[in-house]
$ cat input.txt   # compact mmCIF, C-alpha atoms
# COMPACT_ATOMS: atom_id res chain seq x y z
CA MET A 635 99.88 -17.19 -178.65
CA LYS A 636 102.43 -17.58 -175.92
CA ASN A 637 99.68 -17.52 -173.35
CA MET A 638 97.93 -20.41 -175.04
CA ASP A 639 96.36 -22.74 -172.54
CA ILE A 640 97.73 -26.26 -172.19
CA LYS A 641 94.23 -27.61 -172.76
CA ASP A 642 94.23 -26.02 -176.24
CA ILE A 643 97.41 -27.91 -177.12
CA ILE A 644 96.32 -31.28 -175.76
CA LYS A 645 93.93 -32.21 -178.57
CA PRO A 646 93.89 -35.30 -180.79
CA GLU A 647 94.80 -33.29 -183.92
CA ASN A 648 98.00 -32.04 -182.27
CA LEU A 649 99.21 -35.49 -181.22
CA VAL A 650 102.83 -36.13 -182.25
CA TYR A 651 103.89 -39.00 -180.01
CA ASP A 652 101.82 -41.73 -178.43
CA LYS A 653 102.08 -45.31 -177.27
CA SER A 654 101.85 -47.89 -180.06
CA GLU A 655 98.50 -49.66 -180.31
CA LEU A 656 100.36 -52.97 -180.11
CA GLN A 657 101.72 -52.22 -176.65
CA ILE A 658 99.48 -53.86 -174.11
CA ASP A 659 98.23 -51.38 -171.54
CA THR A 660 100.00 -52.79 -168.52
CA ILE A 661 102.86 -51.63 -166.35
CA MET A 662 106.10 -53.42 -167.25
CA HIS A 663 107.89 -55.38 -164.54
CA TYR A 664 111.26 -53.87 -165.49
CA CYS A 665 113.21 -51.67 -163.09
CA PRO A 666 112.96 -47.88 -163.55
CA GLY A 667 115.09 -46.74 -166.50
CA CYS A 668 115.64 -50.22 -167.96
CA SER A 669 116.57 -50.29 -171.66
CA HIS A 670 114.26 -53.27 -172.25
CA GLY A 671 111.23 -50.98 -172.09
CA VAL A 672 112.58 -48.73 -174.84
CA VAL A 673 113.41 -51.67 -177.14
CA HIS A 674 109.97 -53.25 -176.54
CA LYS A 675 108.40 -49.95 -177.48
CA LEU A 676 110.46 -49.73 -180.69
CA ILE A 677 109.51 -53.28 -181.71
CA ALA A 678 105.81 -52.54 -181.13
CA GLU A 679 106.04 -49.31 -183.14
CA ILE A 680 107.86 -51.02 -186.03
CA ILE A 681 105.45 -53.96 -186.24
CA GLU A 682 102.56 -51.50 -186.24
CA GLU A 683 104.19 -49.31 -188.93
CA LEU A 684 104.96 -52.29 -191.15
CA GLY A 685 101.42 -53.65 -190.63
CA ILE A 686 102.67 -57.15 -189.80
CA GLN A 687 100.94 -57.76 -186.46
CA GLU A 688 99.16 -60.87 -187.74
CA ASP A 689 102.31 -62.34 -189.30
CA THR A 690 104.92 -61.72 -186.63
CA ILE A 691 106.03 -64.37 -184.15
CA GLY A 692 108.42 -63.39 -181.39
CA VAL A 693 110.57 -65.80 -179.42
CA SER A 694 111.24 -64.57 -175.90
CA PRO A 695 114.29 -65.69 -173.94
CA VAL A 696 115.08 -66.60 -170.39
CA GLY A 697 116.10 -63.51 -168.47
CA CYS A 698 114.33 -60.28 -167.60
CA ALA A 699 112.66 -60.23 -171.03
CA VAL A 700 111.00 -63.60 -170.40
CA PHE A 701 107.71 -61.74 -169.96
CA ALA A 702 108.00 -59.88 -173.27
CA TYR A 703 104.82 -61.67 -174.36
CA ASN A 704 102.89 -59.71 -171.76
CA TYR A 705 103.74 -56.39 -173.39
CA ILE A 706 103.44 -56.65 -177.18
CA ASP A 707 100.22 -57.87 -178.75
CA ILE A 708 101.60 -60.39 -181.27
CA ASP A 709 102.16 -64.16 -181.22
CA TRP A 710 104.96 -65.31 -178.95
CA GLN A 711 106.80 -68.46 -178.02
CA GLN A 712 108.98 -68.67 -174.95
CA ALA A 713 112.18 -70.68 -175.43
CA ALA A 714 114.47 -72.48 -173.02
CA HIS A 715 117.58 -70.59 -171.94
CA GLY A 716 119.66 -69.68 -174.99
CA ARG A 717 117.58 -71.78 -177.36
CA ALA A 718 115.56 -68.96 -178.90
CA PRO A 719 117.41 -69.11 -182.29
CA ALA A 720 116.79 -72.88 -182.49
CA VAL A 721 113.08 -72.43 -181.70
CA ALA A 722 112.91 -69.53 -184.18
CA THR A 723 114.54 -71.75 -186.82
CA GLY A 724 111.76 -74.29 -186.44
CA ILE A 725 109.03 -71.64 -186.55
CA ALA A 726 110.56 -69.86 -189.56
CA ARG A 727 111.07 -73.06 -191.54
CA THR A 728 107.61 -74.44 -190.92
CA ASN A 729 105.96 -71.04 -191.45
CA PRO A 730 108.03 -69.39 -194.19
CA ASP A 731 105.48 -66.60 -194.62
CA LYS A 732 105.74 -65.47 -191.02
CA ILE A 733 108.19 -62.87 -189.73
CA VAL A 734 110.08 -64.43 -186.86
CA PHE A 735 112.32 -62.65 -184.41
CA THR A 736 114.16 -63.58 -181.24
CA TYR A 737 114.71 -61.22 -178.36
CA GLN A 738 117.68 -62.24 -176.22
CA GLY A 739 119.94 -60.89 -173.51
CA ASP A 740 123.67 -61.37 -173.26
CA GLY A 741 123.51 -64.06 -170.59
CA ASP A 742 121.16 -65.96 -172.88
CA LEU A 743 122.74 -65.33 -176.29
CA ALA A 744 126.46 -65.03 -175.53
CA SER A 745 126.74 -67.72 -172.86
CA ILE A 746 124.43 -70.74 -172.75
CA GLY A 747 123.02 -69.99 -176.20
CA ALA A 748 126.33 -69.25 -177.96
CA GLY A 749 126.13 -72.47 -179.97
CA GLU A 750 122.54 -71.92 -181.08
CA ILE A 751 123.07 -68.35 -182.22
CA LEU A 752 126.27 -69.10 -184.14
CA HIS A 753 124.72 -71.99 -186.04
CA ALA A 754 121.43 -70.20 -186.72
CA CYS A 755 123.37 -67.24 -188.13
CA ASN A 756 125.71 -69.53 -190.06
CA ARG A 757 122.75 -71.29 -191.65
CA GLY A 758 121.38 -67.86 -192.49
CA GLU A 759 117.97 -68.55 -191.01
CA ASN A 760 115.46 -65.94 -192.12
CA ILE A 761 114.98 -64.37 -188.66
CA VAL A 762 115.69 -61.14 -186.81
CA VAL A 763 117.83 -61.44 -183.70
CA ILE A 764 117.61 -58.61 -181.19
CA PHE A 765 120.46 -58.87 -178.73
CA ILE A 766 120.29 -56.79 -175.56
CA ASN A 767 123.81 -56.48 -174.20
CA ASN A 768 123.99 -55.03 -170.70
CA ALA A 769 127.23 -56.81 -169.76
CA ILE A 770 125.78 -58.79 -166.83
CA TYR A 771 123.13 -61.32 -165.90
CA GLY A 772 120.41 -58.86 -164.93
CA MET A 773 117.57 -61.05 -163.68
CA THR A 774 119.50 -63.44 -161.46
CA GLY A 775 121.31 -60.76 -159.48
CA GLY A 776 124.00 -59.09 -161.57
CA GLN A 777 126.47 -61.95 -162.03
CA MET A 778 129.37 -61.79 -164.47
CA ALA A 779 128.47 -62.59 -168.09
CA PRO A 780 130.77 -63.35 -171.04
CA THR A 781 130.22 -59.73 -172.11
CA THR A 782 131.27 -58.17 -168.78
CA LEU A 783 134.00 -55.57 -169.29
CA ILE A 784 137.52 -56.07 -167.98
CA GLY A 785 137.64 -54.76 -164.42
CA GLN A 786 133.86 -54.35 -164.19
CA PRO A 787 132.63 -55.29 -160.72
CA THR A 788 129.68 -57.69 -160.61
CA SER A 789 128.19 -59.79 -157.82
CA THR A 790 130.40 -62.74 -158.78
CA SER A 791 133.48 -60.62 -159.53
CA PRO A 792 133.37 -57.99 -156.77
CA LEU A 793 136.91 -56.87 -157.52
CA GLY A 794 136.25 -56.60 -161.23
CA ARG A 795 136.57 -59.06 -164.09
CA ASP A 796 140.06 -60.55 -164.08
CA VAL A 797 141.39 -61.52 -167.51
CA ALA A 798 143.68 -64.21 -166.10
CA LEU A 799 140.73 -65.89 -164.43
CA ASN A 800 137.76 -65.10 -166.65
CA GLY A 801 139.09 -64.20 -170.09
CA TYR A 802 138.03 -61.30 -172.26
CA PRO A 803 134.65 -59.67 -173.02
CA MET A 804 133.00 -61.58 -175.83
CA LYS A 805 132.09 -59.45 -178.84
CA MET A 806 129.26 -61.51 -180.27
CA THR A 807 128.35 -58.98 -182.94
CA GLU A 808 131.87 -58.99 -184.40
CA ILE A 809 131.89 -62.80 -184.40
CA ILE A 810 128.49 -62.99 -186.07
CA ALA A 811 129.43 -60.39 -188.71
CA THR A 812 132.05 -62.83 -190.04
CA LEU A 813 129.38 -65.47 -190.78
CA PRO A 814 128.22 -65.40 -194.40
CA GLY A 815 124.63 -66.34 -193.49
CA THR A 816 123.98 -62.93 -191.94
CA CYS A 817 122.91 -60.04 -194.15
CA TYR A 818 122.71 -57.19 -191.65
CA VAL A 819 124.74 -56.92 -188.45
CA THR A 820 124.64 -53.73 -186.45
CA ARG A 821 125.25 -52.38 -182.96
CA GLN A 822 122.99 -49.68 -181.56
CA SER A 823 122.06 -48.13 -178.23
CA VAL A 824 118.97 -46.48 -176.74
CA HIS A 825 120.36 -44.04 -174.18
CA THR A 826 119.41 -40.74 -175.88
CA ALA A 827 116.49 -39.64 -178.06
CA ALA A 828 118.79 -39.53 -181.13
CA THR A 829 120.12 -43.06 -180.59
CA VAL A 830 116.60 -44.36 -179.91
CA ARG A 831 115.49 -43.05 -183.32
CA LYS A 832 118.59 -44.50 -184.99
CA CYS A 833 118.02 -47.86 -183.30
CA LYS A 834 114.43 -47.84 -184.51
CA LYS A 835 115.65 -47.45 -188.11
CA ALA A 836 118.07 -50.35 -187.63
CA ILE A 837 115.44 -52.71 -186.17
CA LYS A 838 112.99 -51.68 -188.89
CA LYS A 839 115.59 -52.50 -191.54
CA ALA A 840 116.15 -55.90 -189.91
CA PHE A 841 112.42 -56.68 -190.08
CA GLN A 842 112.29 -55.51 -193.70
CA ASN A 843 115.22 -57.82 -194.52
CA VAL A 844 113.29 -60.76 -193.10
CA MET A 845 110.22 -59.73 -195.10
CA ALA A 846 112.47 -59.77 -198.20
CA LYS A 847 113.89 -63.17 -197.12
CA LYS A 848 117.50 -62.03 -197.07
CA GLY A 849 118.76 -64.18 -194.19
CA THR A 850 119.64 -63.40 -190.60
CA SER A 851 119.60 -59.81 -189.39
CA PHE A 852 121.35 -59.25 -186.09
CA VAL A 853 120.81 -56.08 -184.04
CA GLU A 854 122.80 -55.66 -180.83
CA VAL A 855 121.51 -52.97 -178.49
CA VAL A 856 124.12 -51.88 -175.95
CA SER A 857 121.97 -51.43 -172.87
CA THR A 858 122.09 -50.52 -169.22
CA CYS A 859 121.14 -52.53 -166.16
CA ASN A 860 121.15 -49.82 -163.54
CA SER A 861 120.00 -52.04 -160.68
CA GLY A 862 122.59 -54.70 -161.55
CA TRP A 863 125.29 -52.08 -161.98
CA LYS A 864 124.16 -50.35 -158.72
CA MET A 865 123.71 -46.97 -160.39
CA THR A 866 120.95 -44.46 -161.08
CA PRO A 867 119.30 -44.71 -164.53
CA VAL A 868 120.99 -41.49 -165.68
CA GLY A 869 124.31 -42.51 -164.08
CA ALA A 870 124.13 -45.89 -165.83
CA ASN A 871 123.67 -44.19 -169.20
CA THR A 872 126.74 -42.03 -168.57
CA TRP A 873 128.76 -45.05 -167.42
CA MET A 874 127.69 -46.95 -170.52
CA GLU A 875 128.80 -44.12 -172.81
CA GLU A 876 132.16 -43.83 -171.07
CA ASN A 877 132.97 -47.53 -170.70
CA MET A 878 130.81 -49.81 -172.84
CA PHE A 879 131.24 -47.89 -176.10
CA ALA A 880 135.03 -48.26 -175.96
CA GLU A 881 134.62 -52.05 -176.07
CA TYR A 882 131.33 -52.28 -177.97
CA VAL A 883 131.63 -49.61 -180.66
CA PRO A 884 128.20 -48.63 -182.08
CA GLY A 885 127.59 -48.73 -185.82
CA ASP A 886 126.85 -51.05 -188.72
CA LEU A 887 129.26 -53.97 -189.06
CA LYS A 888 127.71 -55.51 -192.12
CA ASP A 889 124.99 -54.57 -194.57
CA ASN A 890 124.71 -56.99 -197.48
CA ASP A 891 122.12 -56.80 -200.14
CA ILE A 892 122.44 -60.40 -201.24
CA GLN A 893 119.37 -62.56 -201.47
CA LYS A 894 119.77 -65.85 -199.65
CA PRO A 895 119.02 -68.95 -201.76
CA ALA A 896 115.55 -70.21 -200.88
CA ILE A 897 115.17 -73.61 -199.23
CA GLY A 898 113.74 -76.09 -201.72
CA ASN A 899 111.30 -78.53 -200.18
CA MET B 1398 108.82 -15.66 -179.78
CA ALA B 1399 108.37 -19.34 -180.13
CA LYS B 1400 106.55 -20.51 -183.24
CA VAL B 1401 105.91 -23.92 -181.77
CA ARG B 1402 104.21 -24.88 -178.53
CA GLY B 1403 104.11 -28.34 -177.14
CA ALA B 1404 102.58 -30.18 -174.22
CA VAL B 1405 103.43 -33.42 -172.53
CA VAL B 1406 101.01 -35.70 -170.72
CA VAL B 1407 102.64 -38.11 -168.30
CA GLU B 1408 100.60 -41.09 -167.20
CA LYS B 1409 101.20 -40.63 -163.49
CA GLU B 1410 100.64 -44.24 -162.42
CA GLY B 1411 102.82 -45.68 -165.18
CA CYS B 1412 105.83 -43.48 -164.38
CA LYS B 1413 108.65 -45.07 -162.39
CA GLY B 1414 110.57 -41.85 -161.81
CA CYS B 1415 113.71 -42.92 -163.68
CA SER B 1416 114.20 -39.28 -164.77
CA LEU B 1417 115.52 -40.20 -168.22
CA CYS B 1418 112.90 -37.84 -169.72
CA VAL B 1419 114.10 -35.04 -167.44
CA GLU B 1420 117.63 -35.54 -168.82
CA ALA B 1421 116.44 -35.84 -172.42
CA CYS B 1422 114.41 -32.61 -172.37
CA PRO B 1423 116.34 -29.83 -174.18
CA GLN B 1424 114.08 -27.11 -172.72
CA GLU B 1425 114.18 -28.20 -169.08
CA VAL B 1426 110.41 -28.54 -169.05
CA LEU B 1427 110.15 -31.77 -167.12
CA ALA B 1428 111.02 -32.51 -163.50
CA LEU B 1429 110.19 -35.14 -160.93
CA HIS B 1430 107.28 -34.22 -158.69
CA LYS B 1431 107.89 -33.99 -154.96
CA GLU B 1432 104.83 -36.16 -154.45
CA VAL B 1433 104.74 -39.88 -155.25
CA ASN B 1434 102.25 -42.01 -157.16
CA SER B 1435 100.45 -45.02 -155.67
CA ARG B 1436 103.51 -47.21 -156.21
CA GLY B 1437 105.81 -44.80 -154.41
CA TYR B 1438 107.64 -43.28 -157.37
CA HIS B 1439 108.28 -39.57 -157.81
CA TYR B 1440 106.56 -39.13 -161.15
CA SER B 1441 107.60 -36.82 -163.95
CA TYR B 1442 105.54 -33.68 -164.66
CA MET B 1443 105.72 -30.44 -166.62
CA LYS B 1444 107.39 -28.03 -164.24
CA ASN B 1445 107.87 -25.37 -166.88
CA PRO B 1446 105.07 -25.96 -169.44
CA GLU B 1447 105.57 -22.67 -171.35
CA ALA B 1448 108.99 -23.81 -172.60
CA CYS B 1449 107.80 -27.08 -174.19
CA ILE B 1450 108.37 -27.30 -177.96
CA GLY B 1451 106.84 -30.77 -178.40
CA CYS B 1452 110.07 -32.34 -179.67
CA SER B 1453 109.01 -35.72 -178.21
CA ASN B 1454 112.52 -36.56 -176.99
CA CYS B 1455 110.98 -37.41 -173.60
CA GLY B 1456 108.57 -39.82 -175.22
CA ALA B 1457 111.34 -41.49 -177.21
CA VAL B 1458 113.52 -42.26 -174.20
CA CYS B 1459 110.73 -43.23 -171.79
CA PRO B 1460 111.15 -46.94 -171.02
CA ASP B 1461 107.61 -47.24 -169.70
CA THR B 1462 105.92 -45.44 -172.60
CA CYS B 1463 103.90 -43.29 -170.24
CA ILE B 1464 104.47 -40.02 -172.14
CA THR B 1465 102.19 -38.59 -174.82
CA VAL B 1466 103.33 -35.49 -176.71
CA TYR B 1467 101.26 -32.81 -178.46
CA ARG B 1468 102.49 -29.93 -180.63
CA VAL B 1469 100.97 -26.92 -182.37
CA LYS B 1470 102.62 -24.66 -184.95
CA PHE B 1471 101.63 -21.05 -185.42

$ encode --input "input.txt" --output "structure tokens"
Amino acid sequence: MKNMDIKDIIKPENLVYDKSELQIDTIMHYCPGCSHGVVHKLIAEIIEELGIQEDTIGVSPVGCAVFAYNYIDIDWQQAAHGRAPAVATGIARTNPDKIVFTYQGDGDLASIGAGEILHACNRGENIVVIFINNAIYGMTGGQMAPTTLIGQPTSTSPLGRDVALNGYPMKMTEIIATLPGTCYVTRQSVHTAATVRKCKKAIKKAFQNVMAKKGTSFVEVVSTCNSGWKMTPVGANTWMEENMFAEYVPGDLKDNDIQKPAIGN
Amino acid sequence: MAKVRGAVVVEKEGCKGCSLCVEACPQEVLALHKEVNSRGYHYSYMKNPEACIGCSNCGAVCPDTCITVYRVKF
């Protein structure tokens, strides 16, 4: 059997991994090796597995993921910079049967949208928040973000982030875990096959929480921006493991099983 | 002798040559081709197809979802 021809293996009955049907057949605009592609793929797979394509509404941010609506075949709304949780609040409250999620980067969520995310999580809005943390502003040219590590060089801090001048890296996930409105707060990554599968379970759980109306589920994905960091995709993954994980420790921060009181109209 | 054989199909035009699949492959099956696709990227291909076990690690890490994995058990 060792001499089996490749053509005998490549048959529909032997298929073990394929693109989700919800992923639109187009080439993504992301740079080679960008973590956004992996997270998009996971979201498409999860929505397909849960059979909620007709009921899911995504809110895309400002940033590289602004075009997320071009890649997953569900309903989308694009929000102003940082305002995705506020827009998602409106959609979720007026359509309580829909499953609403926001997809935001760190420049969007941790900086201009810090107020929106904190209050949406504090109100315990029934939404999923997917937070892509790559420690810089990726789309606009790799500027320093609130999440940039101490000493990390960026285009606006070429000598590295200086604490005296710019303060400390902002750990949004830790802050959000303290808010009682959130039911599930976790930090994941997608740099190896094992972590991709673990991240998929976490995002799936977040969607299931929203389906069970448990309140806000917050999933941070520690990501790479190899073009912004000026590294190769593989080099960026290694750098992330060595540096980002010391500051942004992966794992579940909160996993409550408490049902949020329903809004009475 | 291996009890599992796998095969990987890389969608040549979708690949951006990031080589994350090459790193993720435990059997060193995949490599970047010396030729480029129409967009100028060195695309991933099965350099050593006999060693593939169809674990789908390459598919899981591919940001552009251009990998399809097949597996047969004996």

$ atom_distance --input "input.txt" --atom1 "CA of Phe852 in chain A" --atom2 "CA of Phe735 in chain A"
9.8 Å

$ atom_distance --input "input.txt" --atom1 "CA of Gln712 in chain A" --atom2 "CA of Ile761 in chain A"
15.6 Å

$ residues_near_point --input "input.txt" --point "(102.2, -51.8, -175.9)" --cutoff "10 Å" --atoms "all atoms listed in the file" --output "PyMOL selection string"
(chain A and resi 653-662+671+674-679+704-707) or (chain B and resi 1461-1462)

$ closest_residue --input "input.txt" --among "A:Thr826, A:Ser857, A:Asn729, A:Thr782" --to "Asn767 in chain A" --atoms "all atoms listed in the file"
A:Ser857

$ interface_residues --input "input.txt" --of "chain A" --to "chain B" --cutoff "6 Å" --atoms "only C-alpha atoms" --output "short mmCIF file (atom, residue, chain, number, x, y, z; two decimals) with C-alpha atoms, keeping the file's coordinate frame"
data_model
loop_
_atom_site.label_atom_id
_atom_site.label_comp_id
_atom_site.auth_asym_id
_atom_site.auth_seq_id
_atom_site.Cartn_x
_atom_site.Cartn_y
_atom_site.Cartn_z
CA ILE A 644 96.32 -31.28 -175.76
CA ASN A 648 98.00 -32.04 -182.27
CA LEU A 649 99.21 -35.49 -181.22
CA VAL A 650 102.83 -36.13 -182.25
CA TYR A 651 103.89 -39.00 -180.01
CA ASP A 652 101.82 -41.73 -178.43
CA PRO A 666 112.96 -47.88 -163.55
CA GLY A 667 115.09 -46.74 -166.50
CA GLY A 671 111.23 -50.98 -172.09
CA VAL A 672 112.58 -48.73 -174.84
CA ALA A 827 116.49 -39.64 -178.06
CA PRO A 867 119.30 -44.71 -164.53
#

$ atom_distance --input "input.txt" --atom1 "CA of Asn877 in chain A" --atom2 "CA of Val762 in chain A"
27.3 Å

$ residues_near_point --input "input.txt" --point "(103.5, -36.1, -155.7)" --cutoff "12 Å" --atoms "only C-alpha atoms" --output "VMD selection string"
chain B and resid 1409 to 1410 1412 1414 1428 to 1442

$ residues_around --input "input.txt" --residues "Asp689 in chain A" --least-positions-apart "2" --cutoff "12 Å" --atoms "only C-alpha atoms" --output "list in words"
Ile681, Glu682, Leu684, Gly685, Ile686, Gln687, Ile691, Gly692, Asp707, Ile708, Asp709, Trp710, Ile725, Ala726, Asn729, Pro730, Asp731, Lys732, Ile733, Val734, Phe735, Phe841, Val844 and Met845 of chain A
